[in-house]
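Chemist: One structure is given below, represented as structure tokens, and several questions about it will come after.
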Amino acid sequence: MQGTMEITALTKIIVGLLAIVNPLGAIPVFLSLSAGRSVTEMVRITRVTGMSVAMVLLISAWFGKELLTFFGIGIPSFRVGGGLLILLMAIAMLHAKQSPAKRSPEEESEDCDKEAIAVVPLAIPLLAGPGAISLVVVESQRASGLVDRLMLSFCILIISVLVWLTLRLAEPIGRKMGLTGLNIVTRIMGLLLSAIGVQMIAEGLKQIFPGLG
């Protein structure tokens, strides 16, 4: 991105993050984990989940590059790795499934025993998982200045509010759309993600092997 982010760039980031985070796809998991809890507890869970998603992604946006530098990982390599991860997630979503990168079978078996489900597994890794973190780090690298980084943070806050709102309305949305409707949305998000993943891989490979450009 050259100069201040344009509206199209901001829209692209929001759509990409929304596709990866996919709060609608998290509704069945949220309802199953929060079953039997009081309304007050569910409200608190949705609030903490939204705040946790914001915190994880904001930390990634502001300190992700420094963390990669500490471990000696270049942004081009991270783009290829992140793109592959997002592509694998997209393939799982096209089959209306949760990617193993978000939740392992072991984590699923432990969910019922956890009291605090807002942070783990809802916020991490279900919503703000490796794919979302990868995209945020790559976009933060593209930011050319403080204003761009602040605009990226604004996009993250929008996504976090959407996560909170979606989970807050999880019951009526789930009844209205049903499992079939939620699966259709998940597949559409998966299609968008596949394009994002391929683009990230292509950009990373062109930086690693300039001759490909």
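In the structure tokens, each chain is lettered A, B, ... as it comes, each chain's residues begin at 1, and ligands are numbered from 1 in order of appearance.
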Would you list the contacts of Ser34 (chain A) as an MDAnalysis selection string, taking every protein, DNA or RNA residue within 12 Å and counting only C-alpha atoms, but skipping same-chain residues closer than 3 positions in sequence?
Modeler: chainID A and resid 27:31 37:46 111:118 121:122 167:168 170:171
Chemist: Select from region 27-191 of chain A everything DSSP, run on the backbone, classes as helix (DSSP H, G or I), then give the selection as a PyMOL selection string.
Modeler: chain A and resi 27-33+39-70+75-94+105-111+118-127+130-142+146-168+170-191
Chemist: Quote the spacing between CA of Ala128 (chain A) and CA of Val21 (chain A) in Å to one decimal place.
Modeler: 6.2 Å
Chemist: Find the residues around region 175-184 of chain A up to 10 Å (only C-alpha atoms counted), leave out those fewer than 4 positions away in its own chain, and share them as a ChimeraX atom specification.
Modeler: /A:24-28,93-97,170-171,188-190
Chemist: Can you check which parts of region 13-98 of chain A lie within 6 Å of region 135-149 of chain A? Per residue, the shortest pair of atoms and distance in Å to one decimal, counting only C-alpha atoms, sorted by chain and number, as a tab-separated table.
Modeler:
```
residue	atom	partner	partner_atom	distance
A:Ser60	CA	A:Val137	CA	5.9
A:Ala61	CA	A:Ser140	CA	5.4
A:Gly64	CA	A:Val137	CA	5.5
```
Chemist: Please save C-alpha atoms of the selected residues as a PDB file, in the first residue's frame.
Modeler:
```pdb
ATOM      1  CA  SER A  60      -0.450  -9.234  15.786  1.00  0.00           C
ATOM      2  CA  ALA A  61      -0.866  -6.009  13.811  1.00  0.00           C
ATOM      3  CA  GLY A  64       3.806  -9.411  14.560  1.00  0.00           C
TER       4      GLY A  64
END
```
Chemist: Measuring between only C-alpha atoms, which one of A:Ile86, A:Leu67, A:Leu165, A:Leu127 shows the shortest distance to Val53 (chain A)?
Modeler: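 Result for the nearest residue to Val53 (chain A): A:Leu127.
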Chemist: At a cut-off of 10 Å, using only C-alpha atoms, what residues contact Val56 (chain A)? Leave out same-chain residues fewer than 5 positions from it and give the result as an mmCIF file with C-alpha atoms, in the first residue's frame.
Modeler:
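Contents of the output file selection_30.cif:
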```
data_model
loop_
_atom_site.group_PDB
_atom_site.id
_atom_site.type_symbol
_atom_site.label_atom_id
_atom_site.label_comp_id
_atom_site.auth_asym_id
_atom_site.auth_seq_id
_atom_site.Cartn_x
_atom_site.Cartn_y
_atom_site.Cartn_z
ATOM 1 C CA MET A 51 -12.569 -8.242 23.294
ATOM 2 C CA ALA A 61 -0.866 -6.009 13.811
ATOM 3 C CA ALA A 123 -11.582 -16.419 20.586
ATOM 4 C CA ILE A 124 -8.447 -18.553 20.240
ATOM 5 C CA ALA A 128 -8.696 -15.335 15.916
ATOM 6 C CA GLY A 129 -6.757 -18.371 14.772
ATOM 7 C CA ALA A 132 -6.473 -14.474 10.832
ATOM 8 C CA ILE A 133 -3.174 -13.744 12.569
ATOM 9 C CA ILE A 156 -9.802 -5.196 13.356
#
```
Chemist: Have a look at A:Leu58, A:Val48, A:Ile196, A:Ile75 and name the one nearest to Met89 (chain A); count only C-alpha atoms.
Modeler: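 Among the listed residues, the smallest separation from Met89 (chain A) belongs to A:Ile196.
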Chemist: So that I can check the surroundings of Ser77 (chain A), please list as number ranges by chain every protein, DNA and RNA residue that reaches within 9 Å of it, counting only C-alpha atoms and ignoring chain neighbours fewer than 5 positions away.
Modeler: A: 82, 201, 204-205, 207-208
Chemist: Considering only C-alpha atoms, return as an mmCIF file with C-alpha atoms, in the first residue's frame whatever protein or nucleic-acid residues lie within 9 Å of Ile14 (chain A), sequence-local ones (same chain, fewer than 3 positions apart) excluded.
Modeler:
```cif
data_model
loop_
_atom_site.group_PDB
_atom_site.id
_atom_site.type_symbol
_atom_site.label_atom_id
_atom_site.label_comp_id
_atom_site.auth_asym_id
_atom_site.auth_seq_id
_atom_site.Cartn_x
_atom_site.Cartn_y
_atom_site.Cartn_z
ATOM 1 C CA ALA A 9 -7.939 -1.533 0.490
ATOM 2 C CA LEU A 10 -9.852 -1.179 3.749
ATOM 3 C CA THR A 11 -12.818 -3.060 2.297
ATOM 4 C CA LEU A 17 -10.722 -10.923 7.889
ATOM 5 C CA LEU A 18 -14.462 -11.519 8.023
ATOM 6 C CA ALA A 19 -14.078 -14.564 5.770
ATOM 7 C CA LEU A 152 -5.737 -1.608 9.991
ATOM 8 C CA CYS A 155 -10.645 -2.747 10.560
ATOM 9 C CA ILE A 156 -9.802 -5.196 13.356
ATOM 10 C CA ILE A 158 -14.936 -3.530 13.196
ATOM 11 C CA ILE A 159 -14.461 -7.302 12.901
#
```
Chemist: Restricting the calculation to only C-alpha atoms: of A:Ile59, A:Leu157, A:Ile91, A:Val198, which residue gets closest to Ile13 (chain A)?
Modeler: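 Using only C-alpha atoms, Ile13 (chain A) sits closest to A:Leu157.
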